[in-house]
$ cat run19.csv   # CSV, C-alpha atoms and all ligand atoms
chain,number,residue,atom,x,y,z
A,1,MET,CA,17.5,54.9,122.5
A,2,LYS,CA,17.3,51.9,124.8
A,3,GLU,CA,20.0,51.4,127.5
A,4,LYS,CA,23.1,49.6,126.5
A,5,SER,CA,24.1,46.4,128.4
A,6,GLU,CA,24.3,47.0,132.1
A,7,TYR,CA,27.6,45.3,132.7
A,8,LEU,CA,29.2,48.2,130.8
A,9,ASN,CA,28.7,50.4,133.9
A,10,LYS,CA,31.4,48.4,135.6
A,11,PHE,CA,34.0,49.0,132.8
A,12,HIS,CA,36.5,51.7,132.1
A,13,GLU,CA,39.2,52.2,129.5
A,14,SER,CA,42.0,49.7,130.3
A,15,ILE,CA,44.8,51.2,132.3
A,16,PHE,CA,47.3,49.9,129.7
A,17,ALA,CA,45.6,51.8,126.8
A,18,LYS,CA,45.3,54.9,129.0
A,19,MET,CA,48.9,55.0,130.1
A,20,SER,CA,50.2,54.2,126.6
A,21,ALA,CA,48.1,57.1,125.2
A,22,LEU,CA,49.5,59.4,127.8
A,23,ALA,CA,53.1,58.3,126.9
A,24,LYS,CA,52.3,59.2,123.3
A,25,SER,CA,50.7,62.5,123.9
A,26,THR,CA,53.3,63.7,126.4
A,27,GLY,CA,56.4,62.1,124.8
A,28,ALA,CA,57.2,60.4,128.1
A,29,VAL,CA,59.2,57.2,128.1
A,30,ASN,CA,56.8,54.2,128.3
A,31,LEU,CA,57.6,51.6,130.9
A,32,GLY,CA,53.9,51.0,131.4
A,33,GLN,CA,52.0,48.6,129.0
A,34,GLY,CA,53.6,45.2,128.8
A,35,PHE,CA,55.0,44.8,125.3
A,36,PRO,CA,58.5,44.9,124.0
A,37,ASP,CA,59.4,48.2,122.2
A,38,PHE,CA,62.1,46.3,120.2
A,39,GLU,CA,61.7,43.7,117.4
A,40,GLY,CA,61.4,40.0,118.3
A,41,PRO,CA,63.7,37.5,116.6
A,42,SER,CA,63.8,37.7,112.8
A,43,PHE,CA,63.1,34.0,112.3
A,44,VAL,CA,59.6,34.5,113.6
A,45,SER,CA,58.6,37.0,110.9
A,46,LYS,CA,60.4,34.9,108.2
A,47,TYR,CA,58.1,32.0,109.1
A,48,LEU,CA,55.1,34.3,108.8
A,49,ILE,CA,56.1,35.3,105.3
A,50,GLU,CA,56.7,31.7,104.5
A,51,GLY,CA,53.2,30.8,105.7
A,52,VAL,CA,51.6,33.5,103.6
A,53,GLN,CA,53.6,32.5,100.5
A,54,ALA,CA,52.9,28.8,101.0
A,55,GLY,CA,49.2,29.7,100.8
A,56,HIS,CA,48.2,29.3,104.5
A,57,ASN,CA,45.7,32.2,104.1
A,58,GLN,CA,42.2,30.9,104.5
A,59,TYR,CA,40.3,30.1,107.8
A,60,ALA,CA,42.2,27.7,110.0
A,61,PRO,CA,40.1,24.9,111.6
A,62,SER,CA,38.3,26.4,114.5
A,63,PRO,CA,40.3,24.4,117.2
A,64,GLY,CA,43.5,25.6,115.5
A,65,TYR,CA,46.1,24.7,112.9
A,66,LEU,CA,47.0,21.1,113.7
A,67,PRO,CA,50.8,21.3,113.4
A,68,LEU,CA,50.7,24.1,116.0
A,69,ARG,CA,48.6,22.0,118.4
A,70,SER,CA,51.0,19.0,117.8
A,71,ALA,CA,54.0,21.2,118.5
A,72,LEU,CA,52.4,22.3,121.8
A,73,SER,CA,51.6,18.7,122.7
A,74,GLU,CA,55.3,17.8,122.2
A,75,ILE,CA,56.5,20.7,124.4
A,76,TYR,CA,54.2,19.8,127.2
A,77,LYS,CA,55.2,16.2,127.0
A,78,ASN,CA,59.0,16.9,126.8
A,79,ARG,CA,59.3,19.8,129.1
A,80,TYR,CA,56.7,19.0,131.7
A,81,GLN,CA,55.8,15.3,131.2
A,82,LEU,CA,52.2,16.3,130.7
A,83,GLU,CA,50.1,14.5,128.0
A,84,TYR,CA,47.7,16.6,126.0
A,85,CYS,CA,46.1,15.2,122.9
A,86,PRO,CA,46.5,17.7,120.0
A,87,GLU,CA,43.2,16.5,118.4
A,88,THR,CA,41.0,16.9,121.4
A,89,GLU,CA,42.7,18.7,124.3
A,90,ILE,CA,44.5,21.6,122.8
A,91,SER,CA,42.7,24.6,121.2
A,92,ILE,CA,44.3,27.7,119.7
A,93,THR,CA,42.8,31.1,120.7
A,94,THR,CA,43.2,34.8,119.7
A,95,GLY,CA,45.8,35.4,122.4
A,96,ALA,CA,45.4,34.3,126.0
A,97,THR,CA,42.7,37.0,126.4
A,98,GLU,CA,40.2,35.2,124.2
A,99,GLY,CA,41.2,31.9,125.8
A,100,ILE,CA,40.3,33.3,129.2
A,101,PHE,CA,37.0,34.7,128.0
A,102,SER,CA,36.0,31.6,126.0
A,103,THR,CA,36.8,29.4,129.0
A,104,ILE,CA,34.8,31.6,131.4
A,105,THR,CA,31.9,31.6,128.9
A,106,ALA,CA,32.1,27.8,128.7
A,107,LEU,CA,32.1,27.3,132.5
A,108,VAL,CA,30.4,30.2,134.4
A,109,ASN,CA,26.7,30.7,134.9
A,110,PRO,CA,25.2,33.9,136.4
A,111,GLY,CA,25.6,33.7,140.1
A,112,ASP,CA,28.5,31.3,140.1
A,113,GLU,CA,31.5,32.4,142.3
A,114,VAL,CA,35.0,32.8,140.9
A,115,VAL,CA,38.0,33.0,143.2
A,116,ILE,CA,40.5,35.6,141.9
A,117,PHE,CA,43.8,36.7,143.5
A,118,GLU,CA,44.4,40.4,143.6
A,119,PRO,CA,46.2,42.2,142.1
A,120,PHE,CA,44.7,40.6,139.1
A,121,TYR,CA,45.2,40.8,135.3
A,122,ASP,CA,42.3,43.1,134.3
A,123,SER,CA,40.5,40.8,131.8
A,124,TYR,CA,39.7,38.2,134.5
A,125,VAL,CA,37.2,40.3,136.4
A,126,ALA,CA,35.7,41.8,133.3
A,127,SER,CA,35.2,38.4,131.7
A,128,VAL,CA,33.7,36.9,134.8
A,129,GLU,CA,31.3,39.9,135.2
A,130,MET,CA,30.3,39.8,131.6
A,131,ARG,CA,29.0,36.3,132.3
A,132,GLY,CA,27.2,37.3,135.4
A,133,GLY,CA,29.7,35.5,137.7
A,134,ILE,CA,30.7,36.9,141.1
A,135,PRO,CA,34.4,37.5,141.8
A,136,LYS,CA,35.6,36.5,145.3
A,137,PHE,CA,38.9,38.2,146.0
A,138,VAL,CA,42.0,36.9,147.8
A,139,SER,CA,44.7,39.5,148.4
A,140,LEU,CA,48.3,38.9,147.7
A,141,GLY,CA,49.7,41.3,150.3
A,142,GLY,CA,52.7,42.5,152.2
A,143,SER,CA,56.2,43.0,150.8
A,144,GLU,CA,56.2,39.3,149.4
A,145,PHE,CA,52.7,39.2,148.0
A,146,ASN,CA,51.7,36.2,150.1
A,147,PHE,CA,48.1,35.3,150.7
A,148,ASP,CA,46.5,34.5,154.0
A,149,GLU,CA,45.3,30.9,154.3
A,150,GLY,CA,42.2,31.9,156.3
A,151,GLU,CA,41.2,34.5,153.7
A,152,LEU,CA,41.7,31.9,150.9
A,153,LYS,CA,39.4,29.4,152.8
A,154,ASN,CA,36.8,32.1,153.3
A,155,ALA,CA,36.7,32.9,149.6
A,156,PHE,CA,35.5,29.3,148.8
A,157,SER,CA,32.0,28.1,149.2
A,158,GLY,CA,29.6,25.6,147.6
A,159,LYS,CA,29.0,28.2,144.9
A,160,THR,CA,32.6,28.3,143.8
A,161,LYS,CA,32.8,27.3,140.2
A,162,LEU,CA,36.2,28.4,139.3
A,163,VAL,CA,39.6,29.7,140.6
A,164,ILE,CA,41.8,31.8,138.3
A,165,LEU,CA,45.5,31.5,138.9
A,166,ASN,CA,48.3,33.3,137.2
A,167,THR,CA,51.9,32.1,137.7
A,168,PRO,CA,54.4,33.7,137.1
A,169,HIS,CA,52.2,36.6,138.2
A,170,ASN,CA,51.4,39.9,136.5
A,171,PRO,CA,51.9,42.5,138.0
A,172,THR,CA,53.9,41.3,141.0
A,173,GLY,CA,56.5,39.0,139.4
A,174,LYS,CA,55.6,36.4,142.1
A,175,VAL,CA,55.9,32.7,141.2
A,176,PHE,CA,53.4,30.6,143.3
A,177,SER,CA,55.2,28.0,145.4
A,178,ASP,CA,54.3,24.3,145.5
A,179,THR,CA,53.1,24.8,149.0
A,180,GLU,CA,50.7,27.6,148.0
A,181,LEU,CA,49.5,25.6,145.0
A,182,GLY,CA,48.9,22.6,147.3
A,183,LEU,CA,46.7,24.7,149.6
A,184,ILE,CA,44.7,26.0,146.6
A,185,ARG,CA,44.5,22.4,145.2
A,186,ASP,CA,43.0,21.1,148.4
A,187,LEU,CA,40.2,23.7,148.4
A,188,VAL,CA,39.6,23.3,144.6
A,189,ILE,CA,39.0,19.6,145.1
A,190,LYS,CA,37.0,20.1,148.3
A,191,TYR,CA,34.6,22.4,146.5
A,192,ASP,CA,34.7,20.5,143.2
A,193,SER,CA,35.7,23.6,141.2
A,194,TYR,CA,37.7,24.2,138.0
A,195,VAL,CA,41.0,26.1,137.7
A,196,ILE,CA,42.0,28.5,134.9
A,197,SER,CA,45.8,28.7,135.1
A,198,ASP,CA,47.1,31.7,133.1
A,199,GLU,CA,50.8,30.8,132.4
A,200,VAL,CA,51.6,33.3,129.7
A,201,TYR,CA,55.0,34.1,131.4
A,202,GLU,CA,55.9,30.4,131.8
A,203,TYR,CA,59.3,30.8,130.1
A,204,LEU,CA,60.2,34.0,132.0
A,205,THR,CA,61.5,32.9,135.4
A,206,PHE,CA,64.7,34.2,137.0
A,207,ASP,CA,67.3,33.2,139.6
A,208,ASP,CA,66.6,29.7,140.8
A,209,HIS,CA,62.8,29.9,140.3
A,210,GLU,CA,61.1,27.5,138.0
A,211,HIS,CA,57.7,27.4,136.5
A,212,THR,CA,55.4,24.5,137.6
A,213,PRO,CA,52.4,24.2,135.3
A,214,VAL,CA,49.4,24.1,137.6
A,215,SER,CA,48.1,20.9,135.8
A,216,LYS,CA,51.2,19.2,137.2
A,217,ILE,CA,49.9,19.5,140.7
A,218,ASP,CA,48.5,16.2,141.9
A,219,GLY,CA,44.7,16.0,141.3
A,220,LEU,CA,44.5,19.2,139.2
A,221,LYS,CA,45.0,18.1,135.6
A,222,GLU,CA,41.5,16.8,135.2
A,223,ARG,CA,40.0,20.1,136.3
A,224,THR,CA,42.5,22.7,135.0
A,225,ILE,CA,42.5,24.7,131.9
A,226,VAL,CA,46.1,25.9,131.2
A,227,ILE,CA,46.2,29.1,129.1
A,228,SER,CA,49.3,30.5,127.5
A,229,SER,CA,50.3,32.7,124.6
A,230,ALA,CA,53.1,33.0,122.0
A,231,GLY,CA,53.1,36.8,122.3
A,232,LYS,CA,55.3,37.1,125.3
A,233,THR,CA,57.7,34.2,124.5
A,234,PHE,CA,58.5,35.4,121.0
A,235,GLY,CA,58.2,39.1,121.6
A,236,TYR,CA,55.3,39.5,119.1
A,237,THR,CA,52.4,40.5,121.3
A,238,GLY,CA,50.5,42.0,118.3
A,239,TRP,CA,50.0,38.6,116.6
A,240,LYS,CA,47.6,37.4,119.3
A,241,VAL,CA,48.1,33.6,119.2
A,242,GLY,CA,47.3,31.8,122.4
A,243,TRP,CA,46.1,28.4,123.5
A,244,CYS,CA,44.0,26.5,126.0
A,245,LEU,CA,44.9,23.0,127.2
A,246,ALA,CA,42.2,21.1,129.0
A,247,PRO,CA,40.7,17.6,129.3
A,248,ARG,CA,38.6,16.5,126.4
A,249,ASP,CA,35.1,17.4,127.8
A,250,ILE,CA,36.2,20.9,129.0
A,251,SER,CA,38.0,21.5,125.7
A,252,ALA,CA,34.9,20.5,123.8
A,253,ALA,CA,32.9,23.1,125.8
A,254,ILE,CA,35.5,25.8,125.1
A,255,ARG,CA,35.5,24.9,121.4
A,256,LEU,CA,31.8,25.3,121.2
A,257,THR,CA,31.9,28.8,122.7
A,258,ARG,CA,34.9,29.8,120.6
A,259,GLN,CA,33.0,29.0,117.4
A,260,TYR,CA,30.9,32.0,118.0
A,261,ILE,CA,33.5,34.4,119.5
A,262,THR,CA,36.3,34.3,117.0
A,263,PHE,CA,35.7,31.0,115.2
A,264,SER,CA,39.4,30.7,114.2
A,265,VAL,CA,42.8,32.4,114.6
A,266,ASN,CA,45.0,34.1,112.0
A,267,THR,CA,46.4,31.2,109.9
A,268,PRO,CA,49.8,32.4,108.8
A,269,ALA,CA,50.7,33.4,112.4
A,270,GLN,CA,49.7,29.9,113.6
A,271,TYR,CA,51.9,28.4,110.8
A,272,ALA,CA,54.8,30.6,112.0
A,273,PHE,CA,54.4,29.7,115.7
A,274,SER,CA,54.1,26.0,114.8
A,275,LYS,CA,57.6,26.3,113.3
A,276,CYS,CA,59.0,28.5,116.2
A,277,LEU,CA,57.7,26.2,118.9
A,278,THR,CA,59.5,23.2,117.2
A,279,GLU,CA,62.7,25.1,117.7
A,280,ILE,CA,62.0,26.6,121.1
A,281,ASP,CA,64.8,24.8,123.0
A,282,ASN,CA,67.5,26.6,120.9
A,283,TYR,CA,65.8,30.0,121.4
A,284,LEU,CA,64.9,30.0,125.1
A,285,PRO,CA,68.3,30.5,126.7
A,286,GLU,CA,69.0,33.6,124.7
A,287,PHE,CA,65.4,34.9,125.4
A,288,GLN,CA,65.8,34.4,129.1
A,289,LYS,CA,69.3,36.0,129.2
A,290,LEU,CA,68.0,39.0,127.3
A,291,TYR,CA,65.2,39.7,129.8
A,292,ASP,CA,67.2,38.9,132.8
A,293,GLY,CA,69.8,41.5,131.7
A,294,LYS,CA,67.0,44.1,131.6
A,295,ARG,CA,65.6,43.0,134.9
A,296,LEU,CA,69.0,43.4,136.6
A,297,MET,CA,69.5,46.8,134.9
A,298,VAL,CA,66.3,48.2,136.3
A,299,MET,CA,66.8,46.6,139.8
A,300,LYS,CA,70.3,48.2,139.9
A,301,ALA,CA,68.9,51.6,139.0
A,302,LEU,CA,66.2,51.3,141.7
A,303,ASP,CA,68.9,50.3,144.2
A,304,ASP,CA,71.0,53.3,143.2
A,305,LEU,CA,67.9,55.5,143.6
A,306,GLY,CA,67.1,54.0,147.0
A,307,TRP,CA,63.7,52.6,145.9
A,308,ARG,CA,62.4,49.4,147.4
A,309,TYR,CA,60.9,46.8,145.2
A,310,PHE,CA,59.8,43.1,145.1
A,311,ARG,CA,62.6,41.2,143.3
A,312,PRO,CA,60.6,39.6,140.4
A,313,ARG,CA,60.9,35.9,140.2
A,314,GLY,CA,59.1,35.8,136.8
A,315,THR,CA,57.4,38.0,134.2
A,316,TYR,CA,58.8,41.3,132.8
A,317,PHE,CA,57.4,43.5,135.5
A,318,ILE,CA,58.8,44.9,138.7
A,319,MET,CA,56.6,46.2,141.5
A,320,ALA,CA,58.3,49.2,143.1
A,321,SER,CA,57.2,50.6,146.5
A,322,LEU,CA,56.3,54.2,146.9
A,323,GLU,CA,57.3,54.0,150.6
A,324,GLY,CA,60.0,56.6,151.2
A,325,VAL,CA,59.6,57.8,147.6
A,326,SER,CA,56.4,59.8,147.7
A,327,ASP,CA,53.3,60.3,149.9
A,328,LEU,CA,51.1,60.4,146.8
A,329,GLY,CA,48.8,57.4,146.0
A,330,ASP,CA,49.8,55.4,142.9
A,331,VAL,CA,47.6,57.2,140.4
A,332,ASP,CA,48.6,60.7,141.5
A,333,PHE,CA,52.2,59.6,141.7
A,334,CYS,CA,52.2,58.2,138.1
A,335,MET,CA,50.7,61.5,136.8
A,336,ASP,CA,53.2,63.5,138.7
A,337,LEU,CA,56.0,61.3,137.4
A,338,ILE,CA,54.9,62.0,133.8
A,339,LYS,CA,54.9,65.7,134.5
A,340,LYS,CA,58.1,66.0,136.4
A,341,ALA,CA,60.3,63.3,134.9
A,342,GLY,CA,58.6,62.2,131.6
A,343,VAL,CA,58.3,58.5,132.6
A,344,VAL,CA,55.2,56.3,132.4
A,345,PHE,CA,54.6,53.5,134.9
A,346,ILE,CA,51.3,51.6,135.6
A,347,PRO,CA,49.4,52.6,138.8
A,348,PRO,CA,48.3,49.1,140.1
A,349,SER,CA,45.4,50.1,142.3
A,350,VAL,CA,43.0,49.2,139.4
A,351,PHE,CA,44.1,45.6,139.8
A,352,TYR,CA,42.6,45.5,143.3
A,353,ARG,CA,39.0,45.5,144.4
A,354,LYS,CA,39.3,44.5,148.0
A,355,SER,CA,42.5,45.9,149.5
A,356,ASN,CA,44.0,49.4,149.3
A,357,GLU,CA,47.6,48.1,149.0
A,358,GLY,CA,47.8,49.0,145.3
A,359,LYS,CA,48.1,52.6,146.2
A,360,ARG,CA,51.6,52.1,147.6
A,361,TRP,CA,53.1,50.5,144.5
A,362,VAL,CA,53.9,51.2,140.9
A,363,ARG,CA,54.4,48.6,138.1
A,364,ILE,CA,57.5,49.0,135.9
A,365,CYS,CA,57.7,47.0,132.7
A,366,PHE,CA,61.3,46.1,131.7
A,367,ALA,CA,60.4,44.6,128.3
A,368,LYS,CA,62.0,47.6,126.6
A,369,SER,CA,65.2,48.3,124.7
A,370,ASP,CA,68.3,49.0,126.8
A,371,GLN,CA,68.2,52.5,125.3
A,372,THR,CA,64.6,53.1,126.5
A,373,LEU,CA,65.4,51.7,129.9
A,374,LYS,CA,68.5,53.9,130.2
A,375,SER,CA,66.6,57.0,129.2
A,376,ALA,CA,63.9,56.2,131.8
A,377,ILE,CA,66.5,55.6,134.4
A,378,ASP,CA,68.2,59.0,133.7
A,379,LYS,CA,64.9,60.7,133.8
A,380,LEU,CA,63.9,59.0,137.1
A,381,SER,CA,66.9,60.4,138.9
A,382,LEU,CA,65.4,63.9,138.1
A,383,TYR,CA,62.3,63.2,140.1
A,401,LIG,N1,47.4,37.2,131.0
A,401,LIG,C1,48.4,38.0,131.5
A,401,LIG,C2,48.8,37.7,132.9
A,401,LIG,C3,48.9,39.0,130.7
A,401,LIG,O1,49.9,39.7,131.2
A,401,LIG,C4,48.5,39.1,129.4
A,401,LIG,C5,49.0,40.2,128.5
A,401,LIG,N2,50.1,40.8,128.7
A,401,LIG,C6,47.5,38.3,128.9
A,401,LIG,C7,46.9,37.4,129.7
A,401,LIG,C8,47.0,38.5,127.5
A,401,LIG,O2,47.7,37.8,126.6
A,401,LIG,P1,47.4,37.9,125.0
A,401,LIG,O3,48.1,39.2,124.6
A,401,LIG,O4,48.0,36.7,124.5
A,401,LIG,O5,46.0,38.0,124.8
A,402,LIG,N1,49.3,42.3,129.4
A,402,LIG,C1,49.8,43.6,129.1
A,402,LIG,C2,50.2,44.3,130.4
A,402,LIG,O1,50.1,43.7,131.5
A,402,LIG,C3,48.8,44.5,128.4
A,402,LIG,C4,47.9,43.9,127.4
A,402,LIG,C5,46.8,44.8,127.1
A,402,LIG,O2,47.1,46.0,126.9
A,402,LIG,N2,45.7,44.3,127.0
A,402,LIG,O3,50.7,45.3,130.4
$ encode --input "run19.csv" --output "structure tokens"
Amino acid sequence: MKEKSEYLNKFHESIFAKMSALAKSTGAVNLGQGFPDFEGPSFVSKYLIEGVQAGHNQYAPSPGYLPLRSALSEIYKNRYQLEYCPETEISITTGATEGIFSTITALVNPGDEVVIFEPFYDSYVASVEMRGGIPKFVSLGGSEFNFDEGELKNAFSGKTKLVILNTPHNPTGKVFSDTELGLIRDLVIKYDSYVISDEVYEYLTFDDHEHTPVSKIDGLKERTIVISSAGKTFGYTGWKVGWCLAPRDISAAIRLTRQYITFSVNTPAQYAFSKCLTEIDNYLPEFQKLYDGKRLMVMKALDDLGWRYFRPRGTYFIMASLEGVSDLGDVDFCMDLIKKAGVVFIPPSVFYRKSNEGKRWVRICFAKSDQTLKSAIDKLSLY
């Protein structure tokens, strides 16, 4: 048989699938893969049933169910004072993952360079490499996950087509500051590149941190593709409904590629989220309080155990340091933890290509029921 495609040599099973399978086969408590292990609000599933019963069961238009696009347009206008036309500038995708891939497919030619901050969400590098693009990494390092300005400047060149940002940031819980976004903006404009801004955790920020959509930064709206997803916000990650917001000509390019990737997205789920997003203001305070309670619970447990960690400003992840906990690297530590304590975390070194810093951290997901978190905390104290 002839060889399969050569980019496959670069890929492995995702760390999320691997660690969830280990949790299943060993019976360990799973604080690894990022999904809630409890039901999302019941109004969401009621709207899905309503959508099915009202006959929203055939292909949606390829750019998305229009009332969902209109609900998004209203949200961006009211919350962020950003204008996106539902007809031409908002497209619905099969989760953020497909939005990222379709956008990269629409923009990147083989040999184009793409600036990616590490640790990165795993689909970025895979999607860029599937298109023959060349990732250029900038490390978020130290205990605060800051980047070095010189390293950022060096990552850019005349070949830079695109920069991928993620704020609030998975896995670190960092929220990029306006100063950091300003530095990135200056280089993006200097090198005439595009920005993909993955904002799937836009509604999960804590303490006094607030999310700034990257397209709000002066000079970036015309070159930014904002990507987000309903999965995190409503706690229904399995429904896979996401969206891309971008100026008309970029949206048209994304729509062309999407026609041949998924064509369109599950219609009743789009119907349901169109209703949910219309009511989002009533829902968000309760959602944020729920997740903040879980964040504080895990931080307190880590404090009691004497573990150091980065206090997450957003997302539902905590990066805990192995300094003073174990001399093992992250992967060996995670395996040892499953064996000795029956708890699954994510070893983050797979999210780095350039630096070794991932070996000294583990990622803990707190999007779990209080019972699951308590059980993991009890077990951790045995380690
Ligand atoms: N981006 C980030 C940063 C994520 O954490 C995730 C998934 N958790 C995604 C994209 C993918 O989102 P979706 O499930 O909507 O495809
Ligand atoms: N985004 C989720 C995480 O960070 C995982 C999604 C997936 O498994 N692809 O854990």
$ atom_distance --input "run19.csv" --atom1 "atom CA of A:Glu202" --atom2 "atom CA of A:Ile75"
12.2 Å
$ residues_around --input "run19.csv" --residues "A:Lys77" --least-positions-apart "6" --cutoff "12 Å" --atoms "only C-alpha atoms" --output "PyMOL selection string"
chain A and resi 70-71+83-86+213+216
$ closest_residue --input "run19.csv" --among "A:Ile116, A:His12, A:Tyr124, A:Thr88" --to "A:Arg248" --atoms "only C-alpha atoms"
A:Thr88
$ residues_near_ligand --input "run19.csv" --ligand "ligand LIG 402 (chain A)" --cutoff "7 Å" --atoms "all atoms listed in the file" --output "list of chain:residue names"
A:Phe16, A:Ala17, A:Gly32, A:Gln33, A:Gly34, A:Phe35, A:Tyr121, A:Asn170, A:Pro171
$ residues_around --input "run19.csv" --residues "stretch 316-319 of chain A" --least-positions-apart "3" --cutoff "8 Å" --atoms "all atoms listed in the file" --output "PyMOL selection string"
chain A and resi 34+170-173+204+291+295+309-312+361-367
$ residues_around --input "run19.csv" --residues "A:Val188" --least-positions-apart "2" --cutoff "12 Å" --atoms "all atoms listed in the file" --output "PyMOL selection string"
chain A and resi 114-115+152-153+155-165+181-186+190-196+217-224
$ closest_residue --input "run19.csv" --among "A:Asn166, A:Ser326, A:Asn282, A:Gln53" --to "ligand LIG 401 (chain A)" --atoms "all atoms listed in the file"
A:Asn166
$ atom_distance --input "run19.csv" --atom1 "atom CA of A:Phe145" --atom2 "atom CA of A:Leu373"
25.4 Å
$ closest_residue --input "run19.csv" --among "A:Ile225, A:Gly27, A:Cys276, A:Leu140" --to "A:Ala376" --atoms "only C-alpha atoms"
A:Gly27
$ atom_distance --input "run19.csv" --atom1 "atom CA of A:Gly231" --atom2 "atom CA of A:Glu357"
29.5 Å
$ residues_near_ligand --input "run19.csv" --ligand "ligand LIG 401 (chain A)" --cutoff "9 Å" --atoms "only C-alpha atoms and all ligand atoms" --output "number ranges by chain"
A: 33-35, 93-100, 120-124, 166-171, 198-201, 227-232, 237-243, 315
$ residues_near_point --input "run19.csv" --point "(32.1, 35.4, 147.0)" --cutoff "7 Å" --atoms "all atoms listed in the file" --output "MDAnalysis selection string"
chainID A and resid 113 134:136 155
$ closest_residue --input "run19.csv" --among "A:Cys334, A:Ile280, A:Ala28, A:Val226" --to "A:Ser91" --atoms "only C-alpha atoms"
A:Val226
$ closest_residue --input "run19.csv" --among "A:Ala253, A:Arg79, A:Leu48, A:Lys4" --to "A:Val108" --atoms "only C-alpha atoms"
A:Ala253
$ closest_residue --input "run19.csv" --among "A:Leu296, A:Ile90, A:Val138, A:Ala341" --to "A:Phe206" --atoms "all atoms listed in the file"
A:Leu296
$ residues_around --input "run19.csv" --residues "stretch 21-25 of chain A" --least-positions-apart "6" --cutoff "12 Å" --atoms "all atoms listed in the file" --output "PyMOL selection string"
chain A and resi 13-15+31-33+334-335+337-339+341-346
